[in-house]
Each structure stands twice: as structure tokens, then as C-alpha cells.
$ cat coords-v6.csv   # CSV, C-alpha atoms and all ligand atoms
chain,number,residue,atom,x,y,z
A,17,MET,CA,0.0,0.0,0.0
A,18,ILE,CA,1.1,3.6,-0.5
A,19,VAL,CA,-0.2,6.0,2.1
A,20,VAL,CA,-0.3,9.4,0.4
A,21,MET,CA,-0.2,12.2,2.9
A,22,LYS,CA,-2.1,15.5,2.3
A,23,PRO,CA,0.2,18.3,0.9
A,24,ASP,CA,-0.3,20.2,4.1
A,25,ALA,CA,0.2,17.2,6.5
A,26,THR,CA,2.2,18.3,9.5
A,27,GLN,CA,5.4,16.5,10.7
A,28,SER,CA,3.4,15.2,13.7
A,29,GLN,CA,0.7,13.8,11.5
A,30,ILE,CA,3.3,12.1,9.4
A,31,ALA,CA,5.0,10.7,12.5
A,32,ALA,CA,1.7,9.6,14.0
A,33,THR,CA,0.8,7.8,10.7
A,34,GLU,CA,4.2,6.0,10.8
A,35,GLN,CA,3.6,5.0,14.4
A,36,LYS,CA,0.1,3.7,13.6
A,37,LEU,CA,1.5,1.6,10.7
A,38,LYS,CA,4.1,0.1,13.1
A,39,GLN,CA,1.5,-0.7,15.7
A,40,LEU,CA,-0.6,-2.4,13.0
A,41,GLY,CA,2.4,-4.6,12.2
A,42,PHE,CA,3.5,-3.0,9.0
A,43,GLY,CA,7.0,-2.2,7.8
A,44,TYR,CA,7.2,1.2,6.2
A,45,GLN,CA,9.5,3.5,4.2
A,46,THR,CA,8.8,7.2,3.9
A,47,ILE,CA,9.6,9.2,0.8
A,48,VAL,CA,9.7,13.0,1.1
A,49,GLY,CA,8.7,14.3,-2.3
A,50,GLU,CA,8.5,18.0,-3.5
A,51,GLN,CA,4.8,18.2,-3.2
A,52,ARG,CA,3.9,15.7,-0.5
A,53,VAL,CA,5.1,12.8,1.7
A,54,VAL,CA,4.2,9.2,0.8
A,55,ILE,CA,4.7,6.2,3.0
A,56,GLY,CA,5.1,2.8,1.5
A,57,ALA,CA,3.6,0.2,3.9
A,58,THR,CA,4.6,-3.4,3.5
A,59,GLY,CA,2.7,-6.2,5.2
A,60,ASP,CA,-0.1,-8.6,4.5
A,61,GLN,CA,-3.3,-7.2,5.9
A,62,ARG,CA,-4.3,-4.7,3.4
A,63,ASP,CA,-7.7,-3.8,4.9
A,64,LYS,CA,-6.1,-2.5,8.0
A,65,VAL,CA,-4.1,0.1,6.0
A,66,MET,CA,-7.1,0.9,3.9
A,67,SER,CA,-8.9,2.0,7.0
A,68,LEU,CA,-6.2,4.5,7.7
A,69,ALA,CA,-7.5,6.6,4.9
A,70,LEU,CA,-10.9,7.0,6.6
A,71,GLU,CA,-9.8,7.7,10.2
A,72,TRP,CA,-6.3,9.2,10.2
A,73,ASP,CA,-5.5,12.9,10.1
A,74,GLY,CA,-3.3,14.1,7.4
A,75,VAL,CA,-3.8,11.1,5.1
A,76,GLU,CA,-5.2,11.9,1.7
A,77,LYS,CA,-5.6,8.4,0.3
A,78,VAL,CA,-4.3,4.8,0.4
A,79,VAL,CA,-3.4,3.2,-2.8
A,80,PRO,CA,-2.8,-0.5,-3.1
A,81,ILE,CA,0.3,-1.7,-5.0
A,82,LEU,CA,-0.9,-4.4,-7.3
A,83,GLN,CA,2.4,-6.2,-7.9
A,84,PRO,CA,3.7,-8.7,-5.4
A,85,TYR,CA,6.9,-6.6,-5.1
A,86,LYS,CA,6.1,-3.3,-3.4
A,87,LEU,CA,9.2,-1.2,-2.6
A,88,ALA,CA,10.8,-2.2,-5.9
A,89,SER,CA,7.8,-1.1,-7.9
A,90,ARG,CA,7.4,2.1,-9.9
A,91,GLU,CA,4.0,2.6,-8.2
A,92,PHE,CA,5.8,3.0,-4.9
A,93,ARG,CA,8.5,5.3,-6.4
A,94,PRO,CA,7.5,6.8,-9.8
A,95,GLU,CA,10.9,8.6,-10.3
A,96,SER,CA,13.9,6.5,-11.3
A,97,SER,CA,16.2,5.9,-8.3
A,98,VAL,CA,19.7,7.4,-8.7
A,99,ILE,CA,22.2,5.6,-6.5
A,100,LYS,CA,25.2,7.7,-5.4
A,101,VAL,CA,28.4,5.8,-4.8
A,102,LYS,CA,31.0,8.3,-3.7
A,103,ASP,CA,31.4,10.6,-6.8
A,104,VAL,CA,29.6,8.2,-9.2
A,105,ALA,CA,25.8,8.4,-9.8
A,106,ILE,CA,24.1,5.3,-11.1
A,107,GLY,CA,20.8,5.8,-12.9
A,108,ASN,CA,20.9,9.5,-13.8
A,109,GLY,CA,21.2,8.9,-17.5
A,110,GLU,CA,25.0,8.8,-17.7
A,111,LEU,CA,26.4,5.4,-18.6
A,112,VAL,CA,28.4,3.8,-15.8
A,113,VAL,CA,31.0,1.1,-16.7
A,114,ALA,CA,32.4,-1.5,-14.3
A,115,ALA,CA,35.1,-3.7,-15.9
A,116,GLY,CA,37.7,-6.1,-14.7
A,117,PRO,CA,38.6,-9.7,-14.6
A,118,CYS,CA,36.3,-12.5,-13.6
A,119,ALA,CA,38.6,-13.4,-10.8
A,120,VAL,CA,41.2,-11.4,-8.9
A,121,GLU,CA,44.5,-13.2,-9.6
A,122,THR,CA,47.6,-11.0,-9.0
A,123,ASP,CA,48.5,-7.5,-8.0
A,124,GLU,CA,50.0,-6.9,-11.4
A,125,GLN,CA,46.9,-8.1,-13.2
A,126,MET,CA,44.7,-5.8,-11.1
A,127,ARG,CA,47.0,-2.9,-11.5
A,128,LYS,CA,47.2,-3.2,-15.3
A,129,THR,CA,43.4,-3.7,-15.5
A,130,ALA,CA,42.6,-0.8,-13.2
A,131,ALA,CA,44.8,1.5,-15.3
A,132,ALA,CA,43.0,0.4,-18.5
A,133,VAL,CA,39.6,0.9,-17.0
A,134,LYS,CA,40.5,4.4,-15.8
A,135,ALA,CA,42.1,5.4,-19.1
A,136,ALA,CA,39.1,4.2,-21.0
A,137,GLY,CA,36.7,6.3,-18.9
A,138,GLY,CA,35.3,3.5,-16.7
A,139,GLN,CA,34.3,4.2,-13.1
A,140,ILE,CA,34.3,0.9,-11.3
A,141,LEU,CA,36.8,-2.0,-11.1
A,142,ARG,CA,35.3,-5.5,-10.9
A,143,GLY,CA,36.9,-8.7,-9.9
A,144,GLY,CA,35.8,-11.8,-7.9
A,145,ALA,CA,37.7,-12.8,-4.7
A,146,TYR,CA,35.1,-15.5,-3.9
A,147,LYS,CA,34.1,-17.3,-7.1
A,148,PRO,CA,30.9,-19.4,-7.2
A,149,ARG,CA,32.1,-21.9,-9.8
A,150,THR,CA,30.0,-24.5,-11.4
A,151,SER,CA,32.6,-27.1,-10.6
A,152,PRO,CA,34.1,-27.6,-7.1
A,153,TYR,CA,37.4,-28.4,-8.8
A,154,SER,CA,37.6,-25.0,-10.5
A,155,PHE,CA,39.5,-22.1,-9.0
A,156,GLN,CA,37.4,-20.7,-6.1
A,157,GLY,CA,39.1,-17.3,-5.6
A,158,TYR,CA,41.7,-15.9,-3.3
A,159,GLY,CA,39.3,-14.6,-0.6
A,160,VAL,CA,40.6,-11.8,1.6
A,161,ALA,CA,43.9,-11.6,-0.2
A,162,GLY,CA,41.9,-11.0,-3.4
A,163,LEU,CA,39.8,-8.3,-1.7
A,164,LYS,CA,43.0,-6.5,-0.7
A,165,MET,CA,44.4,-6.7,-4.3
A,166,ILE,CA,41.3,-5.3,-5.9
A,167,LYS,CA,40.9,-2.5,-3.3
A,168,HIS,CA,44.5,-1.5,-3.6
A,169,ALA,CA,44.4,-1.4,-7.4
A,170,ALA,CA,41.1,0.6,-7.4
A,171,ASP,CA,42.3,3.1,-4.9
A,172,ASP,CA,45.5,3.7,-6.8
A,173,ALA,CA,43.6,4.3,-10.0
A,174,GLY,CA,40.8,6.3,-8.5
A,175,LEU,CA,38.1,3.8,-9.2
A,176,LEU,CA,35.2,2.3,-7.2
A,177,VAL,CA,35.2,-1.5,-6.4
A,178,ILE,CA,32.5,-4.0,-7.1
A,179,THR,CA,33.0,-7.6,-5.9
A,180,GLU,CA,30.8,-10.6,-5.1
A,181,VAL,CA,29.9,-12.1,-1.8
A,182,VAL,CA,28.8,-15.7,-1.8
A,183,GLU,CA,28.4,-16.6,1.9
A,184,PRO,CA,26.3,-14.8,4.5
A,185,ASN,CA,29.2,-15.1,7.0
A,186,ASP,CA,31.5,-13.2,4.7
A,187,VAL,CA,29.2,-10.1,4.1
A,188,GLU,CA,30.9,-7.8,6.7
A,189,THR,CA,34.4,-8.7,5.5
A,190,VAL,CA,33.6,-8.2,1.8
A,191,ALA,CA,31.7,-4.9,2.6
A,192,GLU,CA,34.9,-3.5,4.2
A,193,TYR,CA,36.7,-3.7,0.9
A,194,THR,CA,34.1,-2.9,-1.7
A,195,ASP,CA,31.9,0.0,-2.6
A,196,ILE,CA,29.2,-2.1,-4.3
A,197,VAL,CA,28.4,-5.7,-3.1
A,198,GLN,CA,27.6,-8.1,-5.9
A,199,ILE,CA,25.1,-10.9,-5.5
A,200,GLY,CA,25.7,-13.5,-8.2
A,201,ALA,CA,23.2,-15.2,-10.4
A,202,ARG,CA,23.5,-18.5,-8.4
A,203,ASN,CA,22.6,-16.7,-5.2
A,204,MET,CA,19.7,-14.6,-6.5
A,205,GLN,CA,17.3,-16.6,-4.3
A,206,ASN,CA,19.6,-17.2,-1.4
A,207,TYR,CA,17.3,-15.4,1.0
A,208,SER,CA,19.5,-15.4,4.0
A,209,LEU,CA,22.3,-13.8,2.0
A,210,LEU,CA,19.8,-11.2,0.6
A,211,LYS,CA,18.5,-10.3,4.0
A,212,LYS,CA,22.1,-9.9,5.3
A,213,VAL,CA,23.1,-7.5,2.5
A,214,GLY,CA,19.7,-5.7,3.0
A,215,LYS,CA,21.1,-4.6,6.4
A,216,LEU,CA,24.2,-3.0,4.8
A,217,HIS,CA,24.6,0.7,4.2
A,218,GLN,CA,26.1,0.3,0.8
A,219,PRO,CA,24.7,-0.5,-2.7
A,220,VAL,CA,24.0,-4.1,-3.8
A,221,MET,CA,24.1,-5.3,-7.4
A,222,LEU,CA,21.7,-8.1,-7.8
A,223,LYS,CA,22.3,-10.3,-10.8
A,224,ARG,CA,19.5,-12.2,-12.5
A,225,GLY,CA,19.2,-15.8,-11.6
A,226,LEU,CA,20.2,-18.4,-14.2
A,227,ALA,CA,16.6,-19.2,-15.0
A,228,SER,CA,14.6,-16.6,-13.1
A,229,THR,CA,11.6,-14.7,-14.3
A,230,ILE,CA,11.6,-10.9,-13.9
A,231,GLU,CA,9.0,-11.2,-11.2
A,232,GLU,CA,11.2,-13.6,-9.2
A,233,TRP,CA,14.1,-11.3,-9.7
A,234,LEU,CA,12.1,-8.3,-8.4
A,235,MET,CA,10.9,-10.3,-5.4
A,236,ALA,CA,14.6,-11.1,-4.7
A,237,ALA,CA,15.3,-7.3,-4.8
A,238,GLU,CA,12.3,-6.8,-2.5
A,239,TYR,CA,14.1,-9.0,0.1
A,240,ILE,CA,17.0,-6.5,0.2
A,241,LEU,CA,14.8,-3.4,0.1
A,242,SER,CA,12.5,-4.6,2.8
A,243,GLU,CA,15.5,-4.9,5.2
A,244,GLY,CA,16.1,-1.2,4.8
A,245,ASN,CA,18.7,-1.0,2.0
A,246,SER,CA,17.2,1.1,-0.8
A,247,ASP,CA,20.3,1.0,-3.0
A,248,VAL,CA,19.7,-2.0,-5.2
A,249,ILE,CA,21.0,-2.2,-8.8
A,250,LEU,CA,19.7,-5.0,-11.1
A,251,CYS,CA,22.0,-6.7,-13.6
A,252,GLU,CA,20.8,-8.7,-16.5
A,253,ARG,CA,23.4,-11.4,-17.3
A,254,GLY,CA,21.6,-13.8,-19.5
A,255,ILE,CA,19.3,-16.7,-18.8
A,256,ARG,CA,19.3,-20.4,-19.6
A,257,THR,CA,17.3,-21.3,-22.7
A,258,TYR,CA,17.4,-24.1,-25.2
A,259,GLU,CA,20.1,-22.2,-27.2
A,260,THR,CA,23.6,-23.5,-26.6
A,261,THR,CA,25.6,-21.4,-29.2
A,262,THR,CA,25.9,-18.7,-26.6
A,263,ARG,CA,26.7,-19.4,-22.9
A,264,ASN,CA,23.4,-17.8,-22.0
A,265,THR,CA,20.6,-15.9,-23.8
A,266,LEU,CA,21.1,-12.2,-23.0
A,267,ASP,CA,17.6,-11.0,-22.4
A,268,LEU,CA,17.9,-7.3,-23.5
A,269,SER,CA,14.1,-6.9,-23.5
A,270,ALA,CA,14.4,-7.2,-19.7
A,271,VAL,CA,15.9,-3.6,-19.7
A,272,PRO,CA,12.8,-1.8,-21.0
A,273,VAL,CA,10.5,-4.2,-19.2
A,274,LEU,CA,12.3,-3.4,-15.9
A,275,LYS,CA,12.2,0.3,-16.6
A,276,ALA,CA,8.4,0.1,-16.8
A,277,LEU,CA,8.1,-2.0,-13.6
A,278,THR,CA,10.7,-0.7,-11.3
A,279,HIS,CA,12.5,2.5,-10.3
A,280,LEU,CA,15.8,0.6,-9.7
A,281,PRO,CA,18.8,1.1,-12.1
A,282,VAL,CA,19.6,-1.7,-14.5
A,283,PHE,CA,23.0,-2.9,-15.6
A,284,VAL,CA,23.8,-5.4,-18.4
A,285,ASP,CA,26.6,-8.0,-18.3
A,286,PRO,CA,27.3,-8.9,-22.0
A,287,SER,CA,30.2,-11.1,-20.9
A,288,HIS,CA,28.3,-13.8,-19.0
A,289,GLY,CA,25.4,-13.0,-21.3
A,290,THR,CA,27.2,-14.4,-24.3
A,291,GLY,CA,30.3,-16.3,-23.0
A,292,LYS,CA,32.2,-15.3,-26.2
A,293,ARG,CA,34.5,-12.4,-26.4
A,294,HIS,CA,33.7,-11.5,-30.0
A,295,LEU,CA,30.0,-11.0,-29.1
A,296,VAL,CA,30.6,-8.7,-26.2
A,297,PRO,CA,31.0,-5.3,-28.0
A,298,ALA,CA,27.8,-5.7,-30.1
A,299,MET,CA,25.7,-6.7,-27.1
A,300,ALA,CA,27.3,-3.9,-24.9
A,301,LYS,CA,26.2,-1.4,-27.5
A,302,ALA,CA,22.8,-3.0,-27.8
A,303,ALA,CA,22.4,-2.8,-24.0
A,304,VAL,CA,23.1,1.0,-24.1
A,305,ALA,CA,20.6,1.4,-27.0
A,306,VAL,CA,17.8,-0.3,-25.0
A,307,GLY,CA,18.4,2.0,-22.0
A,308,ALA,CA,20.8,0.2,-19.6
A,309,ASP,CA,22.2,2.5,-16.9
A,310,GLY,CA,25.5,0.7,-16.9
A,311,LEU,CA,27.6,-2.2,-18.1
A,312,LEU,CA,29.5,-4.9,-16.3
A,313,ILE,CA,32.2,-6.2,-18.5
A,314,GLU,CA,35.0,-8.9,-18.0
A,315,ILE,CA,38.4,-7.8,-19.3
A,316,HIS,CA,41.9,-9.3,-18.7
A,317,PRO,CA,45.4,-8.3,-19.6
A,318,ASN,CA,46.0,-11.8,-20.9
A,319,PRO,CA,42.7,-13.6,-21.3
A,320,ALA,CA,44.4,-16.8,-22.6
A,321,GLU,CA,45.9,-17.3,-19.1
A,322,ALA,CA,42.9,-16.1,-17.1
A,323,LEU,CA,42.0,-18.5,-14.2
A,324,SER,CA,38.3,-18.0,-14.9
A,325,ASP,CA,36.2,-16.9,-17.9
A,326,GLY,CA,39.0,-16.2,-20.3
A,327,PRO,CA,37.0,-16.9,-23.4
A,328,GLN,CA,34.5,-14.2,-22.7
A,329,SER,CA,37.1,-11.6,-21.4
A,330,LEU,CA,38.0,-8.7,-23.6
A,331,GLU,CA,41.7,-7.8,-24.1
A,332,LEU,CA,42.5,-4.4,-22.7
A,333,GLU,CA,42.9,-2.8,-26.1
A,334,SER,CA,39.5,-4.2,-27.3
A,335,PHE,CA,37.9,-2.7,-24.2
A,336,ALA,CA,39.4,0.7,-24.9
A,337,MET,CA,38.0,0.5,-28.5
A,338,LEU,CA,34.6,-0.5,-27.2
A,339,MET,CA,34.6,2.4,-24.8
A,340,ARG,CA,35.4,4.8,-27.6
A,341,GLN,CA,32.6,3.5,-29.6
A,342,LEU,CA,30.2,3.7,-26.7
A,343,GLY,CA,31.2,7.3,-26.2
A,344,TYR,CA,30.0,8.1,-29.7
A,345,LEU,CA,26.9,6.1,-29.2
A,346,HIS,CA,25.9,7.6,-25.9
A,401,LIG,C1,30.6,-12.7,-12.2
A,401,LIG,O1,30.1,-11.6,-12.4
A,401,LIG,O2,31.8,-12.9,-12.0
A,401,LIG,C2,29.7,-13.9,-12.1
A,401,LIG,C3,30.1,-15.0,-11.5
A,401,LIG,O3,28.5,-13.7,-12.8
A,401,LIG,P1,27.1,-14.5,-12.6
A,401,LIG,O4,26.8,-14.5,-11.2
A,401,LIG,O5,26.2,-13.7,-13.4
A,401,LIG,O6,27.3,-15.9,-13.2
A,402,MN,MN,32.9,-14.5,-14.7
$ encode --input "coords-v6.csv" --output "C-alpha cells"
Amino acid sequence: MIVVMKPDATQSQIAATEQKLKQLGFGYQTIVGEQRVVIGATGDQRDKVMSLALEWDGVEKVVPILQPYKLASREFRPESSVIKVKDVAIGNGELVVAAGPCAVETDEQMRKTAAAVKAAGGQILRGGAYKPRTSPYSFQGYGVAGLKMIKHAADDAGLLVITEVVEPNDVETVAEYTDIVQIGARNMQNYSLLKKVGKLHQPVMLKRGLASTIEEWLMAAEYILSEGNSDVILCERGIRTYETTTRNTLDLSAVPVLKALTHLPVFVDPSHGTGKRHLVPAMAKAAVAVGADGLLIEIHPNPAEALSDGPQSLELESFAMLMRQLGYLH
């Protein structure tokens, strides 16, 4: 439900309405707009909130949110959310690019990559220190040592960090080293992990599950939002279909679909979306054309020797060229 306060509602009426919602057992988030205050109430018993409209001072109307996701919906927040991460704004119409290797491997690899990201105009350095690999025998990441490497390289180059957390127990540690916490496709429905990152005071990038519908994805975002963290970025990274030529089928229609349904910013990952280096530039450009707020791209100084996802990683020079082309496009 959205409780719309009257334009002349007083602070004490707003506070009393919040208090009433709490007493009735609802969670709530208050948005102070230019014209009026609206309070998003989350909970099951809709009739109780509906009655507020009749009996509570300062309330203009109560509007039900029809979708199962509430805080993520555009009904709740009609303006697109802009997420500020230090000096970078995500969702304000400027393309934001996060690039880096699949896995953090060495200081030198991260230093070279960070310099290339910065020189090309990117804002965020990516790299996994905890790798959720399909095979337990594949390289699993360097853990805290990897977090230190990516943070050091990003700080030196003047970039932000995005890195993945896989385990609820590692959330605090990962959060210490990163600006944006990444939840990978395999963990999109790991609800204890989602609740944990929902309590953080830093943005979370939620990748689409391997075979998740858009509604399931937005419900996963709702888990984070309902814990109080309003800074959620969605990332389309391809879904499993019958097609095997590409690693996944990159669902670019998800971008305009999401733009209609949610106020949250949307990234696209053309690397996992295709699994093939030569397809990445075309899909990156297409993502920008359909309205993506940002790109997450895997790049590596020497993809042939990458410990993870080499075949889909761009060489640094190809990344620089793509960034130039995106500059013309944007
Ligand atoms: C990644 O970005 O490194 C990753 C593992 O991606 P996904 O979770 O989309 O498979
Ligand atoms: Mn990868």
C-alpha cells in the first residue's frame, strides 16, 4: 500500500501515521517528495491500512500496490532511483561502466586492468575474490587476499570497487573492501544472503538468476529493500534457454521491461550473457541502446591465461576501443 499524505500534512501527523503503521504490524518507508510525503507500507493485511484513509488525520488516500513486489515497484516510487556511490551516480542517464577480470589473480593483473579501466573512462573495477564456480574443482578465488588486491588497485587508479559475496558469513568482510556488493546469479534466491546485504549501508548489485523470471528477480530485490537497504542495482546477465551457441541468452528486452516495472537502475553484463569475447562489443552497444544504466564487462590483460572466464574476457585494447565506440553512441 502507499499511504499518500495530504500536501499540508504536518510533521506530527506524518510521525503519527508511521507510528500507527508500526502498531498495526507493517513495515514502512517514507519518501519525502517535493509536493507531499508518501509512506510505503509493507505487510499482509491490506484492509487495516485501507482503514487509515478514513480515520487518520493528514492522510489523503491509500493506494494498493498491485504487484507482489512493493518497494521495488514504480508505483511505490515513480521517479527512477539514482544511486550515489562516492562521486559516481548510477541511474541518472549517464552510462556507468564496471570492468575487470572475472577473478582477482595477482597485484600486477589488477594494476594493469585498473589503469586500463580508468584510461578508457570506466568508473568501477570489478573482480571476484570469492568465485561461485559450477565445478568444485575449478579455481574458487583468493578470498581476503583477493579483496585486498582489488581494493588497492582501485584506490591507486581512482576507481570504485564491485566484488561478489557468496556466503552470509563473509558479508561484513567483503563490505569492508568494496563500494558495491555483488550478489551473483547463483545466489539470487539465497534469501539469508539477501537479508544480510539488506542490512548493509552500501549498494548491492543483484544479478538475475540463471533461470529466473523478472518477477522472481524483483521479489529477490524486495528482500534487500525490505531490510532497509534502498540502494539496489539490477544486472541482466543472460538466462538459460534451449540455445547453446551462446553461454546464456542475453535478455535485453528485460531492460525496458524493468524500466516500466521498477525505479531501480539496470546494468547489463554482456560477458556472462554471451560467453564469447567476439559477441561482447555488439551486445554492450545494444544494451546501451535499450536503456541500460551501466555495463559490467569482463576484461583481462591476458585472457588466454585467465583463471576464470578467459574466453569471454576482452583484451584491454579491445575494451578501450569499445569504450570509444560507446562514447560516440551515448
Ligand atoms: C561474475 O560476475 O563474476 C559472475 C560469477 O557472474 P554470474 O553470477 O552472473 O554468473
Ligand atoms: Mn565470470
$ atom_distance --input "coords-v6.csv" --atom1 "atom CA of Tyr85 of chain A" --atom2 "atom CA of Ala227 of chain A"
18.7 Å
$ closest_atom_pairs --input "coords-v6.csv" --of "chain A" --to "ligand MN 402 (chain A)" --cutoff "8 Å" --atoms "only C-alpha atoms and all ligand atoms" --output "Markdown table"
| residue | atom | partner | partner_atom | distance |
| --- | --- | --- | --- | --- |
| A:Pro117 | CA | A:MN402 | MN | 7.5 |
| A:Cys118 | CA | A:MN402 | MN | 4.1 |
| A:Ala119 | CA | A:MN402 | MN | 7.0 |
| A:Gly144 | CA | A:MN402 | MN | 7.9 |
| A:Ser287 | CA | A:MN402 | MN | 7.6 |
| A:His288 | CA | A:MN402 | MN | 6.3 |
| A:Glu314 | CA | A:MN402 | MN | 6.8 |
| A:Ser324 | CA | A:MN402 | MN | 6.4 |
| A:Asp325 | CA | A:MN402 | MN | 5.2 |
$ residues_around --input "coords-v6.csv" --residues "Gln139 of chain A" --least-positions-apart "3" --cutoff "7 Å" --atoms "all atoms listed in the file" --output "PyMOL selection string"
chain A and resi 112-114+134+175-176
$ residues_around --input "coords-v6.csv" --residues "segment 32-38 of chain A" --least-positions-apart "5" --cutoff "8 Å" --atoms "all atoms listed in the file" --output "ChimeraX atom specification"
/A:43-44,55,57,65,72,75
$ residues_around --input "coords-v6.csv" --residues "Gly326 of chain A" --least-positions-apart "2" --cutoff "10 Å" --atoms "all atoms listed in the file" --output "list in words"
Pro117, Cys118, Ala119, Gly291, Lys292, Arg293, Glu314, Ile315, His316, Asn318, Pro319, Ala320, Glu321, Ala322, Leu323, Ser324, Gln328, Ser329, Leu330 and Glu331 of chain A
